[in-house]
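Dropping model-v5.cif in here (mmCIF, C-alpha atoms; chains and numbers go by the auth columns):
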```cif
data_protein
#
loop_
_atom_site.group_PDB
_atom_site.id
_atom_site.type_symbol
_atom_site.label_atom_id
_atom_site.label_comp_id
_atom_site.label_asym_id
_atom_site.label_seq_id
_atom_site.Cartn_x
_atom_site.Cartn_y
_atom_site.Cartn_z
_atom_site.B_iso_or_equiv
_atom_site.auth_seq_id
_atom_site.auth_asym_id
ATOM 1 C CA LEU A 1 29.002 33.637 -5.599 0.00 16 K
ATOM 2 C CA ASN A 2 27.017 34.493 -2.546 0.00 17 K
ATOM 3 C CA PRO A 3 25.308 37.817 -3.367 0.00 18 K
ATOM 4 C CA VAL A 4 24.935 38.738 0.296 0.00 19 K
ATOM 5 C CA GLU A 5 28.652 38.273 0.947 0.00 20 K
ATOM 6 C CA GLU A 6 29.588 40.096 -2.236 0.00 21 K
ATOM 7 C CA ASP A 7 27.376 43.105 -1.518 0.00 22 K
ATOM 8 C CA ASP A 8 27.751 43.962 2.159 0.00 23 K
ATOM 9 C CA PHE A 9 26.372 47.455 1.575 0.00 24 K
ATOM 10 C CA ILE A 10 22.894 46.025 0.980 0.00 25 K
ATOM 11 C CA ASP A 11 22.628 45.525 4.728 0.00 26 K
ATOM 12 C CA LYS A 12 22.214 49.257 5.295 0.00 27 K
ATOM 13 C CA ASP A 13 19.621 51.850 4.403 0.00 28 K
ATOM 14 C CA LEU A 14 21.405 54.270 2.071 0.00 29 K
ATOM 15 C CA SER A 15 20.604 57.277 -0.068 0.00 30 K
ATOM 16 C CA MET A 16 20.323 56.661 -3.824 0.00 31 K
ATOM 17 C CA LYS A 17 23.645 58.495 -4.292 0.00 32 K
ATOM 18 C CA ASP A 18 25.349 56.098 -1.860 0.00 33 K
ATOM 19 C CA TYR A 19 23.749 53.028 -3.485 0.00 34 K
ATOM 20 C CA LEU A 20 24.975 54.154 -6.906 0.00 35 K
ATOM 21 C CA SER A 21 28.444 54.991 -5.545 0.00 36 K
ATOM 22 C CA GLU A 22 28.728 51.502 -4.038 0.00 37 K
ATOM 23 C CA ILE A 23 27.544 49.785 -7.245 0.00 38 K
ATOM 24 C CA ILE A 24 29.944 51.859 -9.372 0.00 39 K
ATOM 25 C CA SER A 25 32.828 51.041 -6.996 0.00 40 K
ATOM 26 C CA SER A 26 32.099 47.332 -7.329 0.00 41 K
ATOM 27 C CA PHE A 27 32.375 47.619 -11.149 0.00 42 K
ATOM 28 C CA LYS A 28 35.545 49.723 -10.990 0.00 43 K
ATOM 29 C CA GLU A 29 37.207 46.795 -9.209 0.00 44 K
ATOM 30 C CA ILE A 30 36.556 44.464 -12.170 0.00 45 K
ATOM 31 C CA SER A 31 36.486 46.842 -15.170 0.00 46 K
ATOM 32 C CA LYS A 32 39.100 49.017 -16.841 0.00 47 K
ATOM 33 C CA LYS A 33 36.413 51.333 -18.174 0.00 48 K
ATOM 34 C CA LYS A 34 35.823 54.871 -16.971 0.00 49 K
ATOM 35 C CA PHE A 35 32.736 55.660 -14.896 0.00 50 K
ATOM 36 C CA ILE A 36 31.551 59.270 -14.745 0.00 51 K
ATOM 37 C CA PHE A 37 28.994 59.821 -11.974 0.00 52 K
ATOM 38 C CA ASN A 38 27.232 63.182 -11.787 0.00 53 K
ATOM 39 C CA TYR A 39 24.484 64.260 -9.432 0.00 54 K
ATOM 40 C CA ASN A 40 22.725 67.517 -8.705 0.00 55 K
ATOM 41 C CA GLN A 41 24.060 69.663 -5.915 0.00 56 K
ATOM 42 C CA TYR A 42 20.814 69.795 -3.934 0.00 57 K
ATOM 43 C CA LEU A 43 20.230 66.086 -4.051 0.00 58 K
ATOM 44 C CA ASN A 44 17.509 64.532 -1.943 0.00 59 K
ATOM 45 C CA ILE A 45 19.645 62.532 0.529 0.00 60 K
ATOM 46 C CA LYS A 46 16.801 60.708 2.230 0.00 61 K
ATOM 47 C CA LYS A 47 17.702 57.085 2.836 0.00 62 K
ATOM 48 C CA ILE A 48 15.924 54.279 1.027 0.00 63 K
ATOM 49 C CA THR A 49 14.944 51.217 3.017 0.00 64 K
ATOM 50 C CA LYS A 50 17.358 48.531 1.883 0.00 65 K
ATOM 51 C CA SER A 51 16.106 46.929 -1.291 0.00 66 K
ATOM 52 C CA ILE A 52 18.017 44.092 -2.892 0.00 67 K
ATOM 53 C CA GLU A 53 15.660 44.359 -5.881 0.00 68 K
ATOM 54 C CA ILE A 54 16.549 48.001 -6.544 0.00 69 K
ATOM 55 C CA VAL A 55 20.267 47.326 -6.093 0.00 70 K
ATOM 56 C CA TYR A 56 20.231 44.354 -8.473 0.00 71 K
ATOM 57 C CA GLY A 57 18.022 46.169 -10.982 0.00 72 K
ATOM 58 C CA LEU A 58 20.431 49.120 -11.090 0.00 73 K
ATOM 59 C CA ARG A 59 23.401 46.775 -11.104 0.00 74 K
ATOM 60 C CA ASN A 60 22.031 44.957 -14.178 0.00 75 K
ATOM 61 C CA PHE A 61 21.661 48.197 -16.145 0.00 76 K
ATOM 62 C CA ILE A 62 25.088 49.504 -15.070 0.00 77 K
ATOM 63 C CA GLY A 63 26.571 46.066 -15.866 0.00 78 K
ATOM 64 C CA ASN A 64 25.091 46.197 -19.378 0.00 79 K
ATOM 65 C CA ALA A 65 26.510 49.697 -19.900 0.00 80 K
ATOM 66 C CA ASN A 66 29.903 48.398 -18.746 0.00 81 K
ATOM 67 C CA LYS A 67 29.655 45.371 -21.048 0.00 82 K
ATOM 68 C CA PHE A 68 28.640 47.274 -24.194 0.00 83 K
ATOM 69 C CA SER A 69 30.580 50.530 -23.753 0.00 84 K
ATOM 70 C CA LYS A 70 33.807 51.177 -25.595 0.00 85 K
ATOM 71 C CA GLU A 71 35.488 53.203 -22.824 0.00 86 K
ATOM 72 C CA THR A 72 33.074 55.212 -20.708 0.00 87 K
ATOM 73 C CA ILE A 73 29.855 54.810 -18.722 0.00 88 K
ATOM 74 C CA TYR A 74 27.963 57.954 -17.710 0.00 89 K
ATOM 75 C CA ILE A 75 25.610 57.855 -14.733 0.00 90 K
ATOM 76 C CA ASN A 76 23.553 60.884 -13.830 0.00 91 K
ATOM 77 C CA LEU A 77 21.377 61.201 -10.713 0.00 92 K
ATOM 78 C CA LYS A 78 18.816 63.956 -10.299 0.00 93 K
ATOM 79 C CA SER A 79 16.587 64.141 -7.289 0.00 94 K
ATOM 80 C CA ASP A 80 14.350 66.800 -5.817 0.00 95 K
ATOM 81 C CA SER A 81 11.370 66.838 -3.483 0.00 96 K
ATOM 82 C CA GLU A 82 9.115 65.086 -6.035 0.00 97 K
ATOM 83 C CA MET A 83 11.179 62.786 -8.271 0.00 98 K
ATOM 84 C CA THR A 84 14.363 60.739 -8.372 0.00 99 K
ATOM 85 C CA GLU A 85 15.802 60.075 -11.829 0.00 100 K
ATOM 86 C CA ILE A 86 18.827 58.051 -12.918 0.00 101 K
ATOM 87 C CA THR A 87 20.203 58.090 -16.454 0.00 102 K
ATOM 88 C CA ILE A 88 22.770 55.471 -17.466 0.00 103 K
ATOM 89 C CA GLU A 89 24.503 55.980 -20.819 0.00 104 K
ATOM 90 C CA ASP A 90 27.426 54.308 -22.537 0.00 105 K
ATOM 91 C CA ASP A 91 29.636 55.096 -25.515 0.00 106 K
ATOM 92 C CA GLY A 92 29.016 51.783 -27.286 0.00 107 K
ATOM 93 C CA ASN A 93 27.007 51.145 -30.447 0.00 108 K
ATOM 94 C CA GLY A 94 23.584 51.510 -28.814 0.00 109 K
ATOM 95 C CA TYR A 95 20.664 49.121 -29.089 0.00 110 K
ATOM 96 C CA PRO A 96 20.257 47.401 -32.464 0.00 111 K
ATOM 97 C CA LYS A 97 17.329 49.043 -34.289 0.00 112 K
ATOM 98 C CA ASP A 98 15.419 45.760 -34.685 0.00 113 K
ATOM 99 C CA VAL A 99 15.547 45.143 -30.922 0.00 114 K
ATOM 100 C CA LEU A 100 14.743 48.645 -29.659 0.00 115 K
ATOM 101 C CA SER A 101 10.952 48.264 -29.667 0.00 116 K
ATOM 102 C CA LYS A 102 11.161 44.919 -27.808 0.00 117 K
ATOM 103 C CA ILE A 103 13.515 45.978 -25.004 0.00 118 K
ATOM 104 C CA GLY A 104 12.538 44.437 -21.714 0.00 119 K
ATOM 105 C CA GLU A 105 11.428 41.150 -23.268 0.00 120 K
ATOM 106 C CA PRO A 106 13.594 38.126 -22.481 0.00 121 K
ATOM 107 C CA TYR A 107 15.478 36.205 -25.172 0.00 122 K
ATOM 108 C CA LEU A 108 16.084 39.056 -27.598 0.00 123 K
ATOM 109 C CA LYS A 109 18.438 38.596 -30.509 0.00 124 K
ATOM 110 C CA SER A 110 19.243 41.069 -33.245 0.00 125 K
ATOM 111 C CA LYS A 111 18.979 39.705 -36.771 0.00 126 K
ATOM 112 C CA ASP A 112 21.982 41.812 -37.795 0.00 127 K
ATOM 113 C CA PRO A 113 24.975 39.393 -37.951 0.00 128 K
ATOM 114 C CA ILE A 114 27.412 42.029 -36.629 0.00 129 K
ATOM 115 C CA GLU A 115 25.144 42.950 -33.711 0.00 130 K
ATOM 116 C CA LYS A 116 24.239 39.305 -33.042 0.00 131 K
ATOM 117 C CA SER A 117 27.806 38.424 -32.133 0.00 132 K
ATOM 118 C CA LYS A 118 27.945 41.152 -29.492 0.00 133 K
ATOM 119 C CA THR A 119 24.606 40.814 -27.750 0.00 134 K
ATOM 120 C CA GLY A 120 23.362 38.538 -25.020 0.00 135 K
ATOM 121 C CA LEU A 121 19.847 37.241 -24.584 0.00 136 K
ATOM 122 C CA GLY A 122 18.428 40.438 -23.156 0.00 137 K
ATOM 123 C CA LEU A 123 17.910 38.741 -19.790 0.00 138 K
ATOM 124 C CA GLY A 124 19.870 41.390 -17.855 0.00 139 K
ATOM 125 C CA LEU A 125 17.622 44.112 -19.247 0.00 140 K
ATOM 126 C CA PHE A 126 14.514 42.016 -18.643 0.00 141 K
ATOM 127 C CA ILE A 127 15.486 41.247 -15.029 0.00 142 K
ATOM 128 C CA GLY A 128 16.589 44.816 -14.296 0.00 143 K
ATOM 129 C CA LYS A 129 13.416 46.278 -15.786 0.00 144 K
ATOM 130 C CA THR A 130 11.182 43.780 -13.975 0.00 145 K
ATOM 131 C CA LEU A 131 12.828 44.330 -10.565 0.00 146 K
ATOM 132 C CA LEU A 132 12.708 48.120 -10.824 0.00 147 K
ATOM 133 C CA GLU A 133 9.163 48.291 -12.210 0.00 148 K
ATOM 134 C CA LYS A 134 8.040 46.007 -9.385 0.00 149 K
ATOM 135 C CA ASN A 135 9.402 48.763 -7.125 0.00 150 K
ATOM 136 C CA PHE A 136 7.400 51.532 -8.860 0.00 151 K
ATOM 137 C CA ALA A 137 10.062 52.776 -11.288 0.00 152 K
ATOM 138 C CA SER A 138 9.264 53.824 -14.838 0.00 153 K
ATOM 139 C CA ILE A 139 11.949 52.830 -17.320 0.00 154 K
ATOM 140 C CA ASP A 140 12.711 54.149 -20.780 0.00 155 K
ATOM 141 C CA CYS A 141 15.400 52.467 -22.906 0.00 156 K
ATOM 142 C CA ARG A 142 16.559 54.176 -26.082 0.00 157 K
ATOM 143 C CA ASN A 143 19.643 55.111 -28.014 0.00 158 K
ATOM 144 C CA SER A 144 21.328 58.156 -26.534 0.00 159 K
ATOM 145 C CA GLN A 145 20.631 61.500 -28.151 0.00 160 K
ATOM 146 C CA THR A 146 23.969 62.923 -26.983 0.00 161 K
ATOM 147 C CA ARG A 147 26.350 59.952 -27.268 0.00 162 K
ATOM 148 C CA SER A 148 26.821 56.944 -29.538 0.00 163 K
ATOM 149 C CA GLY A 149 25.506 54.313 -27.131 0.00 164 K
ATOM 150 C CA ALA A 150 22.452 53.121 -25.276 0.00 165 K
ATOM 151 C CA GLU A 151 20.592 55.131 -22.648 0.00 166 K
ATOM 152 C CA VAL A 152 18.391 53.943 -19.813 0.00 167 K
ATOM 153 C CA ASN A 153 16.275 56.425 -17.904 0.00 168 K
ATOM 154 C CA ILE A 154 14.856 55.248 -14.558 0.00 169 K
ATOM 155 C CA LYS A 155 12.400 57.450 -12.636 0.00 170 K
ATOM 156 C CA TRP A 156 10.560 57.215 -9.362 0.00 171 K
ATOM 157 C CA ARG A 157 8.088 59.464 -7.671 0.00 172 K
ATOM 158 C CA ASN A 158 9.740 59.927 -4.284 0.00 173 K
ATOM 159 C CA LYS A 159 6.533 59.017 -2.458 0.00 174 K
ATOM 160 C CA ASP A 160 6.843 55.548 -4.091 0.00 175 K
ATOM 161 C CA LEU A 161 10.620 55.211 -3.736 0.00 176 K
ATOM 162 C CA PHE A 162 10.780 56.051 -0.048 0.00 177 K
ATOM 163 C CA ASN A 163 7.767 53.902 0.884 0.00 178 K
ATOM 164 C CA ILE A 164 9.182 50.654 -0.456 0.00 179 K
#
```
Show the structure stored in the file as structure tokens.
Amino acid sequence: LNPVEEDDFIDKDLSMKDYLSEIISSFKEISKKKFIFNYNQYLNIKKITKSIEIVYGLRNFIGNANKFSKETIYINLKSDSEMTEITIEDDGNGYPKDVLSKIGEPYLKSKDPIEKSKTGLGLGLFIGKTLLEKNFASIDCRNSQTRSGAEVNIKWRNKDLFNI
């Protein structure tokens, strides 16, 4: 697959809402799962200079949520004059407890035989985290406090996000 051909929208400067909408649309074409995308009404709509790294970082986290969810992926975008924050949650089983403290390291495997069969190598998380942190994001991965699955919280100070 040629990533440039596949993702034409990368050729434009878009707002974070538009980037997320495009990424979600690309998953809806290949997944039967439900995506719920919420964002605050007074969203900062400033455009971000096109960043393949940010797009692929977000895409990796949304792809993991799609892969490990049972039915639904929840994506929430909050943005104001200071910060931009994205929360990605799924309704899957969450991160295995023995892996949680090591999230973001490559080649992770749970020792739990049930979990082991369902997990990958952790490379998607590692790549996503690395790409986004390289672009000034702070990332917190944990098990959701409101749902059964995993939760990823990605935050930028706007002065960093819009200067990339």
(message) List the spatial neighbours of range 173-176 of chain K as a list in words - criterion: any atom at most 12 Å away, all atoms listed in the file, same-chain residues fewer than 6 positions off excluded.
(response)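 Within the cut-off, the hits are Ser30, Met31, Asn59, Ile60, Lys61, Lys62, Ile63, Thr64, Lys65, Ser66, Ile69, Lys93, Ser94, Asp95, Ser96, Glu97, Met98, Thr99, Glu100, Leu147, Glu148, Lys149, Asn150, Phe151, Ala152 and Ser153 of chain K.
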(request) For the point (18.5, 44.2, -14.1) in the file's frame, write as an MDAnalysis selection string all residues with an atom no more than 9 Å away, counting all atoms listed in the file. (result) chainID K and resid 68:79 138:147
(request) In Å, rounded to a single decimal, give me how far CA of Val167 in chain K is from CA of Gly109 in chain K. (result)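 For CA of Gly109 in chain K relative to CA of Val167 in chain K, the distance reads 10.7 Å.
Across the structure, CA of Gly107 in chain K and CA of Trp171 in chain K are spaced 26.3 Å apart.
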(request) Return the single residue from K:Lys117, K:Lys27, K:Lys43, K:Lys170 that is closest to Asn81 in chain K, with distances computed using only C-alpha atoms. (result)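 Counting only C-alpha atoms, the residue closest to Asn81 in chain K is K:Lys43.
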(request) Let me know the residues the PyMOL selection byres ((chain K and resi 92) around 9) catches in the file above, as a PyMOL selection string. (result) chain K and resi 31-32+35+52-55+58+90-91+93-94+99-103
(request) Enter the distance from CA of Asp113 in chain K to CA of Thr87 in chain K, in Å, rounded to one decimal. (result) 24.4 Å
(request) Tell me which of K:Lys82, K:Cys156, K:Glu120, K:Arg162 sits closest to Asp106 in chain K, counting only C-alpha atoms. (result)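 Using only C-alpha atoms, the shortest distance to Asp106 in chain K belongs to K:Arg162.
Using all atoms listed in the file, the smallest distance between any of K:Ile67, K:Val114, K:Ala165, K:Ile88 and Ile39 in chain K comes from K:Ile88.
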(request) Name the residues within 12 Å of (40.3, 47.2, -16.7), counting only C-alpha atoms in the file's coordinates, and put them as JSON, numbers by chain. (result) {"K": [42, 43, 44, 45, 46, 47, 48, 49, 50, 81, 82, 85, 86, 87]}
(message) Restricting the calculation to all atoms listed in the file: of K:Leu29, K:Glu166, K:Ile51, K:Thr161, which residue gets closest to Tyr89 in chain K?
(response) K:Ile51
(message) Nearest residue to Asn168 in chain K out of K:Tyr110, K:Glu104, K:Ile118, K:Gln56, using all atoms listed in the file?
(response) K:Glu104
Taking all atoms of range 169-174 of chain K that the file lists and extending 4 Å past them on each side, where is the centre of the axis-aligned box and how long are its edges? Answer in Å to one decimal, as lines of an AutoDock Vina configuration file.
```
center_x = 10.7
center_y = 57.6
center_z = -8.5
size_x = 16.3
size_y = 12.7
size_z = 20.1
```
(request) Using all atoms listed in the file, find the one residue out of K:Gly164, K:Arg157, K:Ser41, K:Tyr57 that sits nearest to Ala80 in chain K. (result)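 Closest to Ala80 in chain K of all the choices is K:Gly164.
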Working from the structure I just supplied, which lacks atoms in range 44-68 of chain K, can you model N, CA, C and O atoms there and output them as a PDB file, in the frame of the given file?
```
ATOM      1  N   GLU K  44      36.262  47.828  -9.651  1.00  0.00           N
ATOM      2  CA  GLU K  44      37.207  46.795  -9.209  1.00  0.00           C
ATOM      3  C   GLU K  44      37.424  45.728 -10.282  1.00  0.00           C
ATOM      4  O   GLU K  44      38.455  45.079 -10.295  1.00  0.00           O
ATOM      5  N   ILE K  45      36.453  45.545 -11.178  1.00  0.00           N
ATOM      6  CA  ILE K  45      36.556  44.464 -12.170  1.00  0.00           C
ATOM      7  C   ILE K  45      36.632  44.975 -13.611  1.00  0.00           C
ATOM      8  O   ILE K  45      36.765  44.196 -14.536  1.00  0.00           O
ATOM      9  N   SER K  46      36.533  46.287 -13.815  1.00  0.00           N
ATOM     10  CA  SER K  46      36.486  46.842 -15.170  1.00  0.00           C
ATOM     11  C   SER K  46      37.555  47.909 -15.345  1.00  0.00           C
ATOM     12  O   SER K  46      37.846  48.667 -14.416  1.00  0.00           O
ATOM     13  N   LYS K  47      38.117  47.983 -16.535  1.00  0.00           N
ATOM     14  CA  LYS K  47      39.100  49.017 -16.841  1.00  0.00           C
ATOM     15  C   LYS K  47      38.435  50.258 -17.429  1.00  0.00           C
ATOM     16  O   LYS K  47      39.087  51.226 -17.765  1.00  0.00           O
ATOM     17  N   LYS K  48      37.133  50.221 -17.550  1.00  0.00           N
ATOM     18  CA  LYS K  48      36.413  51.333 -18.174  1.00  0.00           C
ATOM     19  C   LYS K  48      36.255  52.492 -17.198  1.00  0.00           C
ATOM     20  O   LYS K  48      36.380  52.338 -15.992  1.00  0.00           O
ATOM     21  N   LYS K  49      35.956  53.655 -17.761  1.00  0.00           N
ATOM     22  CA  LYS K  49      35.823  54.871 -16.971  1.00  0.00           C
ATOM     23  C   LYS K  49      34.354  55.106 -16.620  1.00  0.00           C
ATOM     24  O   LYS K  49      33.485  55.036 -17.499  1.00  0.00           O
ATOM     25  N   PHE K  50      34.090  55.360 -15.360  1.00  0.00           N
ATOM     26  CA  PHE K  50      32.736  55.660 -14.896  1.00  0.00           C
ATOM     27  C   PHE K  50      32.671  57.131 -14.510  1.00  0.00           C
ATOM     28  O   PHE K  50      33.475  57.581 -13.694  1.00  0.00           O
ATOM     29  N   ILE K  51      31.744  57.860 -15.096  1.00  0.00           N
ATOM     30  CA  ILE K  51      31.551  59.270 -14.745  1.00  0.00           C
ATOM     31  C   ILE K  51      30.196  59.367 -14.056  1.00  0.00           C
ATOM     32  O   ILE K  51      29.156  59.067 -14.655  1.00  0.00           O
ATOM     33  N   PHE K  52      30.213  59.758 -12.782  1.00  0.00           N
ATOM     34  CA  PHE K  52      28.994  59.821 -11.974  1.00  0.00           C
ATOM     35  C   PHE K  52      28.731  61.276 -11.604  1.00  0.00           C
ATOM     36  O   PHE K  52      29.523  61.904 -10.917  1.00  0.00           O
ATOM     37  N   ASN K  53      27.632  61.810 -12.104  1.00  0.00           N
ATOM     38  CA  ASN K  53      27.232  63.182 -11.787  1.00  0.00           C
ATOM     39  C   ASN K  53      25.916  63.165 -11.026  1.00  0.00           C
ATOM     40  O   ASN K  53      25.069  62.312 -11.272  1.00  0.00           O
ATOM     41  N   TYR K  54      25.755  64.125 -10.147  1.00  0.00           N
ATOM     42  CA  TYR K  54      24.484  64.260  -9.432  1.00  0.00           C
ATOM     43  C   TYR K  54      24.271  65.726  -9.109  1.00  0.00           C
ATOM     44  O   TYR K  54      25.232  66.504  -9.010  1.00  0.00           O
ATOM     45  N   ASN K  55      23.002  66.101  -8.958  1.00  0.00           N
ATOM     46  CA  ASN K  55      22.725  67.517  -8.705  1.00  0.00           C
ATOM     47  C   ASN K  55      23.122  67.904  -7.286  1.00  0.00           C
ATOM     48  O   ASN K  55      23.094  67.104  -6.366  1.00  0.00           O
ATOM     49  N   GLN K  56      23.507  69.141  -7.163  1.00  0.00           N
ATOM     50  CA  GLN K  56      24.060  69.663  -5.915  1.00  0.00           C
ATOM     51  C   GLN K  56      23.075  69.565  -4.746  1.00  0.00           C
ATOM     52  O   GLN K  56      23.456  69.288  -3.623  1.00  0.00           O
ATOM     53  N   TYR K  57      21.803  69.789  -5.016  1.00  0.00           N
ATOM     54  CA  TYR K  57      20.814  69.795  -3.934  1.00  0.00           C
ATOM     55  C   TYR K  57      20.047  68.490  -3.904  1.00  0.00           C
ATOM     56  O   TYR K  57      18.832  68.450  -3.823  1.00  0.00           O
ATOM     57  N   LEU K  58      20.788  67.420  -3.972  1.00  0.00           N
ATOM     58  CA  LEU K  58      20.230  66.086  -4.051  1.00  0.00           C
ATOM     59  C   LEU K  58      19.402  65.749  -2.814  1.00  0.00           C
ATOM     60  O   LEU K  58      19.770  66.095  -1.696  1.00  0.00           O
ATOM     61  N   ASN K  59      18.298  65.054  -3.051  1.00  0.00           N
ATOM     62  CA  ASN K  59      17.509  64.532  -1.943  1.00  0.00           C
ATOM     63  C   ASN K  59      18.329  63.381  -1.323  1.00  0.00           C
ATOM     64  O   ASN K  59      18.612  62.398  -1.983  1.00  0.00           O
ATOM     65  N   ILE K  60      18.752  63.530  -0.088  1.00  0.00           N
ATOM     66  CA  ILE K  60      19.645  62.532   0.529  1.00  0.00           C
ATOM     67  C   ILE K  60      18.905  61.596   1.489  1.00  0.00           C
ATOM     68  O   ILE K  60      19.515  60.883   2.269  1.00  0.00           O
ATOM     69  N   LYS K  61      17.591  61.610   1.395  1.00  0.00           N
ATOM     70  CA  LYS K  61      16.801  60.708   2.230  1.00  0.00           C
ATOM     71  C   LYS K  61      17.228  59.265   1.957  1.00  0.00           C
ATOM     72  O   LYS K  61      17.509  58.887   0.827  1.00  0.00           O
ATOM     73  N   LYS K  62      17.279  58.475   2.996  1.00  0.00           N
ATOM     74  CA  LYS K  62      17.702  57.085   2.836  1.00  0.00           C
ATOM     75  C   LYS K  62      16.537  56.220   2.339  1.00  0.00           C
ATOM     76  O   LYS K  62      15.385  56.461   2.671  1.00  0.00           O
ATOM     77  N   ILE K  63      16.897  55.236   1.548  1.00  0.00           N
ATOM     78  CA  ILE K  63      15.924  54.279   1.027  1.00  0.00           C
ATOM     79  C   ILE K  63      16.035  53.026   1.882  1.00  0.00           C
ATOM     80  O   ILE K  63      17.146  52.572   2.175  1.00  0.00           O
ATOM     81  N   THR K  64      14.916  52.474   2.281  1.00  0.00           N
ATOM     82  CA  THR K  64      14.944  51.217   3.017  1.00  0.00           C
ATOM     83  C   THR K  64      15.625  50.188   2.139  1.00  0.00           C
ATOM     84  O   THR K  64      15.330  50.104   0.946  1.00  0.00           O
ATOM     85  N   LYS K  65      16.553  49.435   2.713  1.00  0.00           N
ATOM     86  CA  LYS K  65      17.358  48.531   1.883  1.00  0.00           C
ATOM     87  C   LYS K  65      16.481  47.693   0.962  1.00  0.00           C
ATOM     88  O   LYS K  65      15.465  47.139   1.375  1.00  0.00           O
ATOM     89  N   SER K  66      16.872  47.662  -0.297  1.00  0.00           N
ATOM     90  CA  SER K  66      16.106  46.929  -1.291  1.00  0.00           C
ATOM     91  C   SER K  66      17.062  46.206  -2.218  1.00  0.00           C
ATOM     92  O   SER K  66      17.697  46.813  -3.069  1.00  0.00           O
ATOM     93  N   ILE K  67      17.156  44.905  -2.034  1.00  0.00           N
ATOM     94  CA  ILE K  67      18.017  44.092  -2.892  1.00  0.00           C
ATOM     95  C   ILE K  67      17.525  44.189  -4.333  1.00  0.00           C
ATOM     96  O   ILE K  67      18.323  44.237  -5.262  1.00  0.00           O
ATOM     97  N   GLU K  68      16.200  44.280  -4.524  1.00  0.00           N
ATOM     98  CA  GLU K  68      15.660  44.359  -5.881  1.00  0.00           C
ATOM     99  C   GLU K  68      16.121  45.614  -6.604  1.00  0.00           C
ATOM    100  O   GLU K  68      16.491  45.572  -7.772  1.00  0.00           O
TER     101      GLU K  68
END
```
